[in-house]
Amino acid sequence: MQAITVHDRDAGADGLALTELPHPHAAENAVVVRVHAAGFTRGELDWPGTWTDRAGRDRTPSVPGHELSGVVVELGYGTTGLTVGQRVFGMADWTRNGSLAEYTAVEARNLAPLPADVDHTVAAALPISGLTAWQGLFEHGRLAAGQTVVIHGAAGSVGSVAVQLAREAGARVIATGRSADRDTALALGADVFLDLESERLEDAGRADVVFDVIGGEVLDRSAALVRAGGTLVTIAAPPEVRPVDGRAVFFVVEPDRAGLTALVQRVRDGRLEPAVGEVRPLAEAPAAFVPGRGRRGRTIIRVVPDGPVAQGPR
């Protein structure tokens, strides 16, 4: 099969290449998915799991990408809840070969059924961004109707989903970002937009939840925005400055089949729209890792078009 691989940690995106790899096989409680569309995070080339397995052993050449949508072609021993030929989407394990490949092996519990009326391209943009927003707001932030939430980076892939979910939950949403993000954030449902380039962060006022995806100075200054009993939630780094009378939570998104099912139902109902940006073929994935200004939404790698696929080799 064809896959994007990386083997030189110092080469960055220049070390990515389209190569031939053996077809994967499903271990116990896992499946092999024929990947139709895949998502990735540009920063994952710096993640330890890209280079080593859970025991710390080198696992290169490795396949990056941790979001996928496709069709199940093989079931491992003991796998339940999924069937061969079923459309699925979800997250690949952090320390195993990922989704930028024609086939990938995934733990079954990391996947959810994909309804026939949701395109693979849209589904591949949903798992990490959607689950990060969901877990940050509701599981860690405990956001409830009538509360106020500040969402940093509100026009980004995670922030844009968070704005939509918070608005649906009945919260007052204060969105932040660059000046060019104002119209996008307000169109998503934010009540107020604060321009981090020209306005004081402190002017956002107090909030029950502050959800940060930026880190650095923005994260440090956000602690002062949290009202008594509130929560500062971040995915950027463990907070060094904590709210005086509140909690501070740093977390890494976790797979969640029930959460994926809830998110994709919102997509079907028109209540949630993932931020899909460029769509490129697998051969162009290395170029897609190179940072570029003006890009909006998740870049999705389209591996095969929609439609029936042949069962993978056994």
# chains A, B, ... in the order shown; residues from 1 in each chain; ligands from 1
>>> residues_around(residues="Ser62 in chain A", least_positions_apart="3", cutoff="8 Å", atoms="only C-alpha atoms", output="short mmCIF file (atom, residue, chain, number, x, y, z; two decimals) with C-alpha atoms, in the first residue's frame")
data_model
loop_
_atom_site.label_atom_id
_atom_site.label_comp_id
_atom_site.auth_asym_id
_atom_site.auth_seq_id
_atom_site.Cartn_x
_atom_site.Cartn_y
_atom_site.Cartn_z
CA THR A 5 6.21 8.10 6.08
CA VAL A 6 8.78 9.99 8.12
CA HIS A 7 12.11 8.71 9.41
CA THR A 50 5.56 10.05 16.12
CA TRP A 51 9.03 8.59 16.64
CA ARG A 59 9.37 2.95 15.36
CA ARG A 96 1.07 3.63 16.11
CA ASN A 97 1.05 4.21 12.38
CA GLY A 98 -1.57 6.78 11.54
#
>>> select_by_dssp(residues="range 10-217 of chain A", states="helix (DSSP H, G or I)", output="number ranges by chain")
A: 10-15, 42-46, 48-50, 108-110, 120-124, 127-140, 157-168, 179-188, 201-204, 216-217
>>> write_last_selection(atoms="C-alpha atoms", output="mmCIF file, in the first residue's frame")
data_model
loop_
_atom_site.group_PDB
_atom_site.id
_atom_site.type_symbol
_atom_site.label_atom_id
_atom_site.label_comp_id
_atom_site.auth_asym_id
_atom_site.auth_seq_id
_atom_site.Cartn_x
_atom_site.Cartn_y
_atom_site.Cartn_z
ATOM 1 C CA ASP A 10 15.609 16.702 12.158
ATOM 2 C CA ALA A 11 14.253 17.053 8.629
ATOM 3 C CA GLY A 12 10.786 18.300 9.582
ATOM 4 C CA ALA A 13 8.293 18.362 6.713
ATOM 5 C CA ASP A 14 11.166 17.777 4.258
ATOM 6 C CA GLY A 15 11.491 14.280 5.715
ATOM 7 C CA ARG A 42 1.316 20.011 11.574
ATOM 8 C CA GLY A 43 2.928 19.990 15.010
ATOM 9 C CA GLU A 44 2.817 16.210 15.316
ATOM 10 C CA LEU A 45 6.274 15.907 13.776
ATOM 11 C CA ASP A 46 7.500 17.215 17.140
ATOM 12 C CA PRO A 48 7.403 11.862 20.861
ATOM 13 C CA GLY A 49 4.751 9.363 19.752
ATOM 14 C CA THR A 50 5.559 10.053 16.116
ATOM 15 C CA ALA A 108 -12.167 -0.499 17.348
ATOM 16 C CA ARG A 109 -13.084 1.528 20.431
ATOM 17 C CA ASN A 110 -11.501 4.617 18.820
ATOM 18 C CA HIS A 120 -15.685 11.324 4.471
ATOM 19 C CA THR A 121 -13.941 14.679 3.995
ATOM 20 C CA VAL A 122 -16.149 16.323 6.608
ATOM 21 C CA ALA A 123 -15.864 13.358 8.973
ATOM 22 C CA ALA A 124 -12.058 13.399 8.851
ATOM 23 C CA PRO A 127 -12.480 13.741 15.564
ATOM 24 C CA ILE A 128 -9.638 15.734 17.167
ATOM 25 C CA SER A 129 -11.137 19.199 16.806
ATOM 26 C CA GLY A 130 -14.602 18.060 17.830
ATOM 27 C CA LEU A 131 -13.602 15.897 20.771
ATOM 28 C CA THR A 132 -11.099 18.494 22.003
ATOM 29 C CA ALA A 133 -13.776 21.171 22.033
ATOM 30 C CA TRP A 134 -16.352 18.851 23.629
ATOM 31 C CA GLN A 135 -14.061 17.546 26.356
ATOM 32 C CA GLY A 136 -12.568 20.970 27.062
ATOM 33 C CA LEU A 137 -15.886 22.746 27.438
ATOM 34 C CA PHE A 138 -18.090 20.178 29.118
ATOM 35 C CA GLU A 139 -15.953 17.468 30.743
ATOM 36 C CA HIS A 140 -13.129 19.670 32.038
ATOM 37 C CA SER A 157 -10.301 24.258 13.852
ATOM 38 C CA VAL A 158 -10.820 23.608 17.585
ATOM 39 C CA GLY A 159 -12.041 27.077 18.519
ATOM 40 C CA SER A 160 -14.661 27.209 15.777
ATOM 41 C CA VAL A 161 -16.218 23.957 16.983
ATOM 42 C CA ALA A 162 -16.053 25.174 20.585
ATOM 43 C CA VAL A 163 -17.919 28.367 19.696
ATOM 44 C CA GLN A 164 -20.716 26.390 18.038
ATOM 45 C CA LEU A 165 -21.020 23.872 20.890
ATOM 46 C CA ALA A 166 -20.968 26.555 23.588
ATOM 47 C CA ARG A 167 -23.588 28.599 21.784
ATOM 48 C CA GLU A 168 -25.824 25.529 21.405
ATOM 49 C CA SER A 179 -8.669 40.984 13.477
ATOM 50 C CA ALA A 180 -9.203 38.899 10.343
ATOM 51 C CA ASP A 181 -11.092 36.329 12.429
ATOM 52 C CA ARG A 182 -13.828 38.675 13.666
ATOM 53 C CA ASP A 183 -16.463 38.016 10.998
ATOM 54 C CA THR A 184 -15.894 34.254 11.117
ATOM 55 C CA ALA A 185 -16.245 34.070 14.900
ATOM 56 C CA LEU A 186 -19.373 36.194 14.982
ATOM 57 C CA ALA A 187 -20.945 34.184 12.155
ATOM 58 C CA LEU A 188 -20.338 31.006 14.156
ATOM 59 C CA LEU A 201 -7.365 40.759 26.853
ATOM 60 C CA GLU A 202 -8.491 41.970 30.266
ATOM 61 C CA ASP A 203 -11.366 43.829 28.569
ATOM 62 C CA ALA A 204 -13.033 40.482 27.955
ATOM 63 C CA GLY A 216 2.153 31.482 26.118
ATOM 64 C CA GLU A 217 1.310 34.974 27.317
#
>>> closest_residue(among="A:Ser198, A:Ser99, A:Thr176, A:Thr19", to="Val32 in chain A", atoms="only C-alpha atoms")
A:Ser99
>>> closest_residue(among="A:Val150, A:Ala275, A:Ala236, A:Ala55", to="Ala224 in chain A", atoms="only C-alpha atoms")
A:Val150
>>> residues_around(residues="Val252 in chain A", least_positions_apart="2", cutoff="8 Å", atoms="only C-alpha atoms", output="number ranges by chain")
A: 132, 235, 250, 254
>>> residues_around(residues="Val210 in chain A", least_positions_apart="5", cutoff="9 Å", atoms="only C-alpha atoms", output="JSON, numbers by chain")
{"A": [137, 141, 148, 149, 150, 151, 152, 222, 223, 225, 226, 230, 231, 232, 233, 234]}
>>> write_last_selection(atoms="N, CA, C and O atoms", output="CSV table (one decimal), in the first residue's frame")
chain,number,residue,atom,x,y,z
A,137,LEU,N,-14.8,21.9,26.9
A,137,LEU,CA,-15.9,22.7,27.4
A,137,LEU,C,-16.7,22.0,28.5
A,137,LEU,O,-17.0,22.6,29.6
A,141,GLY,N,-14.3,21.8,31.6
A,141,GLY,CA,-14.7,23.1,32.0
A,141,GLY,C,-16.1,23.1,32.7
A,141,GLY,O,-16.4,24.1,33.3
A,148,THR,N,-20.8,32.1,31.1
A,148,THR,CA,-20.0,32.9,30.1
A,148,THR,C,-18.7,32.1,29.9
A,148,THR,O,-18.0,31.7,30.8
A,149,VAL,N,-18.3,32.0,28.6
A,149,VAL,CA,-17.0,31.3,28.3
A,149,VAL,C,-16.2,32.2,27.3
A,149,VAL,O,-16.8,32.8,26.4
A,150,VAL,N,-14.9,32.3,27.6
A,150,VAL,CA,-14.0,32.9,26.7
A,150,VAL,C,-13.3,31.8,25.9
A,150,VAL,O,-12.7,30.9,26.5
A,151,ILE,N,-13.3,31.9,24.5
A,151,ILE,CA,-12.7,30.9,23.7
A,151,ILE,C,-11.6,31.6,22.9
A,151,ILE,O,-11.9,32.4,22.0
A,152,HIS,N,-10.4,31.3,23.2
A,152,HIS,CA,-9.3,31.8,22.4
A,152,HIS,C,-9.1,31.0,21.1
A,152,HIS,O,-9.3,29.8,21.0
A,222,SER,N,-4.8,34.8,31.0
A,222,SER,CA,-6.2,34.3,31.0
A,222,SER,C,-6.6,33.9,32.4
A,222,SER,O,-7.8,33.9,32.7
A,223,ALA,N,-5.7,33.6,33.3
A,223,ALA,CA,-6.0,33.1,34.7
A,223,ALA,C,-6.8,34.2,35.4
A,223,ALA,O,-7.7,33.9,36.2
A,225,LEU,N,-9.0,36.1,34.2
A,225,LEU,CA,-10.3,36.3,33.6
A,225,LEU,C,-11.3,35.3,34.3
A,225,LEU,O,-12.5,35.5,34.2
A,226,VAL,N,-10.8,34.3,35.0
A,226,VAL,CA,-11.6,33.3,35.6
A,226,VAL,C,-12.3,33.8,36.9
A,226,VAL,O,-11.6,34.1,37.8
A,230,GLY,N,-14.6,29.2,38.8
A,230,GLY,CA,-14.5,28.9,37.4
A,230,GLY,C,-13.3,28.1,37.0
A,230,GLY,O,-12.6,27.6,37.9
A,231,THR,N,-13.1,27.8,35.7
A,231,THR,CA,-12.1,26.9,35.2
A,231,THR,C,-11.3,27.5,34.0
A,231,THR,O,-12.0,28.0,33.1
A,232,LEU,N,-10.0,27.4,34.1
A,232,LEU,CA,-9.2,27.7,33.0
A,232,LEU,C,-8.8,26.4,32.3
A,232,LEU,O,-8.2,25.5,33.0
A,233,VAL,N,-9.1,26.2,31.1
A,233,VAL,CA,-8.9,24.9,30.4
A,233,VAL,C,-7.9,25.2,29.2
A,233,VAL,O,-8.2,26.1,28.4
A,234,THR,N,-6.9,24.4,29.1
A,234,THR,CA,-6.0,24.6,28.0
A,234,THR,C,-5.5,23.3,27.4
A,234,THR,O,-5.3,22.3,28.1
>>> closest_atom_pairs(of="range 239-265 of chain A", to="range 80-89 of chain A", cutoff="10 Å", atoms="only C-alpha atoms", output="CSV")
residue,atom,partner,partner_atom,distance
A:Arg257,CA,A:Phe89,CA,9.5
A:Leu260,CA,A:Phe89,CA,8.3
A:Thr261,CA,A:Phe89,CA,9.7
A:Val264,CA,A:Phe89,CA,9.7
>>> write_last_selection(atoms="N, CA and C atoms", output="PDB file, in the first residue's frame")
ATOM      1  N   ARG A 257     -16.025   7.061  21.536  1.00  0.00           N
ATOM      2  CA  ARG A 257     -17.030   6.697  20.523  1.00  0.00           C
ATOM      3  C   ARG A 257     -18.349   7.426  20.744  1.00  0.00           C
ATOM      4  N   LEU A 260     -17.984  11.016  19.590  1.00  0.00           N
ATOM      5  CA  LEU A 260     -17.993  11.111  18.130  1.00  0.00           C
ATOM      6  C   LEU A 260     -19.409  10.976  17.580  1.00  0.00           C
ATOM      7  N   THR A 261     -20.170  10.059  18.154  1.00  0.00           N
ATOM      8  CA  THR A 261     -21.550   9.855  17.697  1.00  0.00           C
ATOM      9  C   THR A 261     -22.390  11.107  17.934  1.00  0.00           C
ATOM     10  N   VAL A 264     -21.231  13.833  15.301  1.00  0.00           N
ATOM     11  CA  VAL A 264     -21.643  13.634  13.922  1.00  0.00           C
ATOM     12  C   VAL A 264     -23.148  13.802  13.764  1.00  0.00           C
TER      13      VAL A 264
END
